[in-house]
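Please read the structure below before turning to the comments.
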Amino acid sequence: MIMEKPHILMGAMPIYGHTMPLRAVARGLIERGFAISFVTGSHFRSAIEAIGATFHPLSGYSDFSETTINTRFPERLNLAGEELGAYDNEHLFVRSMPSQYGSIQSALGELKKDGRKVVVMVENGFLGGVPGMLNAPGIKPEAYITIGVLPLSLSSVDTAPFGTCIPPDASPEGRERNKKLNEKNREEHKELHLTFQAMLSEANAEVTDLLYHDAAVVLPDRYIQMCIPEIEYPRSDLPSTLKFAGSLPRGSRDPAQSFPEFWPELLENERLKGEGKKARKVVAVSQGTFSNSPTQLLLPTMSAFSGSSDILVIAVLGARNATLSPSYCTPSNVRVADFVPFDELLPFCDVFVTNGGYGAVQHAVANGVPMVIAGSTEEKPENAARVAWAGIGVNLKTGTPSSEMVRESVEGILGDEGFKKRIDLMRQKMETCDPIGTIADSVLELSGR
């Protein structure tokens, strides 16, 4: 007798860099015969339904988007850097938890009517599963799984607090340093922790002393980090429920429906490389999909290599139908595209200049392309720190680098084969992973099938 696979109920923050990676996981699981329901922002309905999943909208406080976020939260407009990050941690993530839990409960109510088994699977920025993990009243799934689509933020005796961007140190001296910094971090974020506890109480859940980002890792029945261990800080005290799955393989995201006009130029340059003939080095630059003002990274990179006959710059704006203002002068060796999937573009590139979103970093590793990272918002500084620690890129330690900083870093990577060798070893390791299989096996195991 063939037993029916459990239904998977997913939940993601209504932001591109959170929803779309989990959507890619959903598509892979659907291809393996799982039925998926997906809770996220209402503006993602068509994208979710396009892969064959059932869409359930977030309701109330937690339903916002990149286009409405500054209208919903106008205080953001006057903040930057650490202040903006602190505001977002509280108002976008922690305070969204009760209404996210309500949305998950609503979807569970529909799915459980016929008595089917359901596993709740959320990405690590979505806290809507935490109240259920802490025994909030409501419908219980068979298990909770969290998918790490952002870097692992778990506190450890071997690491400084997440956000400090300090490399790990497990020596006795390092652990003493880490202990002091972690205690200081808890004290500095006391108000946020109290807000987290208040939101748990609002959802009628048990209150925990765990920090919110630790709770998201420690409490689920399984936590699956979407990277290889080599790109994450080592910790001797990881919970036994945590697994590294590797990143999604190339081609897991939506393929390009069309290519920009300059694409034949890239193909010809690649042909010349393959034949050992003189070809230009290709530098891709992208500001990402969330914090994506072109003045921060695109324009400095374009300017850095303006007129360089041996460098071809591909500037990706990060949103379909986006354009550069006519006031910006595009150098003759720069090609501009509104949106190109990284897995289509990066195989042609020698260096990737990025603001360091987690997805962008994983794409670069999957394609074996060393990085120059200039990120100052969200988790991006921590991503940049990990890339530098792993020796697969340069951390500019700013979100607004000068053209000189970009040029020197790119030239440094092109002049040092070690960057390419190290990231190629990671690419090869990643190619041995089966992340969708790891996730599918966890679903079956935890559901008791």
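A note on labels: chains of the structure tokens are A, B, ... as shown, every chain counts residues from 1, and ligands are counted from 1 in their shown order.
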
Exercise. May I have the residues within 10 Å of Ser402 (chain A) as a ChimeraX atom specification, using only C-alpha atoms and disregarding those fewer than 6 positions away in the same chain?
Key: /A:296-297,299-301,303-304,396

Practice problem: Work out how far CA of Gly391 (chain A) is from CA of Ile373 (chain A), in Å to one decimal. | Solution: 12.4 Å

Practice problem: Tell me which protein, DNA and RNA residues are within 10 Å of Glu75 (chain A), counting only C-alpha atoms, leaving out same-chain ones fewer than 5 positions away, and put them as a PyMOL selection string. | Solution: chain A and resi 70+84+87

Residues at most 10 Å from Asn367 (chain A), counting only C-alpha atoms, excluding those fewer than 5 positions away in the same chain, as a tab-separated table (two decimals) with N, CA, C and O atoms, in the first residue's frame?
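New file selection16.tsv:
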chain	number	residue	atom	x	y	z
A	249	PRO	N	20.55	23.96	-6.57
A	249	PRO	CA	21.42	23.85	-7.75
A	249	PRO	C	21.08	24.88	-8.80
A	249	PRO	O	19.99	25.47	-8.81
A	250	ARG	N	22.03	25.12	-9.69
A	250	ARG	CA	21.79	26.04	-10.80
A	250	ARG	C	20.56	25.61	-11.57
A	250	ARG	O	20.33	24.43	-11.80
A	342	PHE	N	20.60	35.18	-12.17
A	342	PHE	CA	22.03	35.04	-11.94
A	342	PHE	C	22.58	33.75	-12.54
A	342	PHE	O	23.73	33.71	-13.00
A	343	ASP	N	21.80	32.68	-12.51
A	343	ASP	CA	22.30	31.41	-13.05
A	343	ASP	C	22.49	31.46	-14.56
A	343	ASP	O	23.21	30.62	-15.12
A	344	GLU	N	21.85	32.40	-15.22
A	344	GLU	CA	22.05	32.59	-16.66
A	344	GLU	C	23.28	33.46	-16.93
A	344	GLU	O	24.03	33.23	-17.88
A	345	LEU	N	23.49	34.45	-16.07
A	345	LEU	CA	24.56	35.44	-16.30
A	345	LEU	C	25.91	35.01	-15.76
A	345	LEU	O	26.95	35.15	-16.44
A	346	LEU	N	25.96	34.49	-14.54
A	346	LEU	CA	27.24	34.29	-13.86
A	346	LEU	C	28.18	33.29	-14.53
A	346	LEU	O	29.40	33.42	-14.39
A	347	PRO	N	27.70	32.28	-15.25
A	347	PRO	CA	28.65	31.40	-15.93
A	347	PRO	C	29.59	32.11	-16.89
A	347	PRO	O	30.66	31.58	-17.23
A	348	PHE	N	29.22	33.32	-17.34
A	348	PHE	CA	30.06	34.07	-18.27
A	348	PHE	C	30.99	35.05	-17.56
A	348	PHE	O	31.76	35.76	-18.22
A	349	CYS	N	30.92	35.12	-16.23
A	349	CYS	CA	31.56	36.20	-15.49
A	349	CYS	C	32.82	35.74	-14.76
A	349	CYS	O	32.94	34.60	-14.35
A	361	VAL	N	25.00	35.55	-2.95
A	361	VAL	CA	26.22	34.84	-2.54
A	361	VAL	C	26.14	33.37	-2.92
A	361	VAL	O	27.09	32.79	-3.45
A	362	GLN	N	25.00	32.74	-2.68
A	362	GLN	CA	24.85	31.32	-3.01
A	362	GLN	C	24.90	31.09	-4.52
A	362	GLN	O	25.47	30.09	-4.98
A	423	ILE	N	36.81	29.13	-4.59
A	423	ILE	CA	35.37	29.10	-4.85
A	423	ILE	C	35.01	27.96	-5.80
A	423	ILE	O	33.90	27.41	-5.72
A	424	ASP	N	35.94	27.53	-6.65
A	424	ASP	CA	35.67	26.37	-7.49
A	424	ASP	C	35.57	25.10	-6.65
A	424	ASP	O	34.75	24.21	-6.94
A	426	MET	N	34.44	25.01	-3.63
A	426	MET	CA	33.10	25.09	-3.01
A	426	MET	C	32.03	24.73	-4.02
A	426	MET	O	31.05	24.05	-3.69
A	427	ARG	N	32.18	25.21	-5.25
A	427	ARG	CA	31.21	24.87	-6.30
A	427	ARG	C	31.13	23.36	-6.47
A	427	ARG	O	30.04	22.78	-6.57
A	428	GLN	N	32.29	22.70	-6.52
A	428	GLN	CA	32.31	21.25	-6.69
A	428	GLN	C	31.64	20.55	-5.51
A	428	GLN	O	30.90	19.57	-5.69
A	430	MET	N	29.30	21.84	-3.62
A	430	MET	CA	27.87	22.11	-3.71
A	430	MET	C	27.20	21.20	-4.72
A	430	MET	O	26.05	20.78	-4.53
A	431	GLU	N	27.90	20.87	-5.79
A	431	GLU	CA	27.32	20.02	-6.83
A	431	GLU	C	27.07	18.60	-6.37
A	431	GLU	O	26.32	17.85	-6.99

Practice problem: Quick one: everything within 12 Å of Leu219 (chain A), counting only C-alpha atoms, minus sequence neighbours fewer than 4 positions away in the same chain. Send it as a list in words. | Solution: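 Counting only C-alpha atoms, the residues come to Asn124, Leu127, Gly129, Val130, Pro131, Gly132, Met133, Leu134, Asn135, Ala143, Tyr144, Ile145, Thr146, Leu154, Thr208, Asp209, Leu210, Leu211, Tyr212, His213, Asp214, Ala215, Tyr223, Pro239, Ser240, Thr241 and Leu242 of chain A.
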
Quiz item: Near Gln100 (chain A), counting only C-alpha atoms, which residues have an atom at most 12 Å away, once you skip same-chain residues fewer than 4 positions from it, shown as a ChimeraX atom specification?
Solution: /A:10-14,39-41,56-64,92-96,104-107,122,125-132,199-200,203
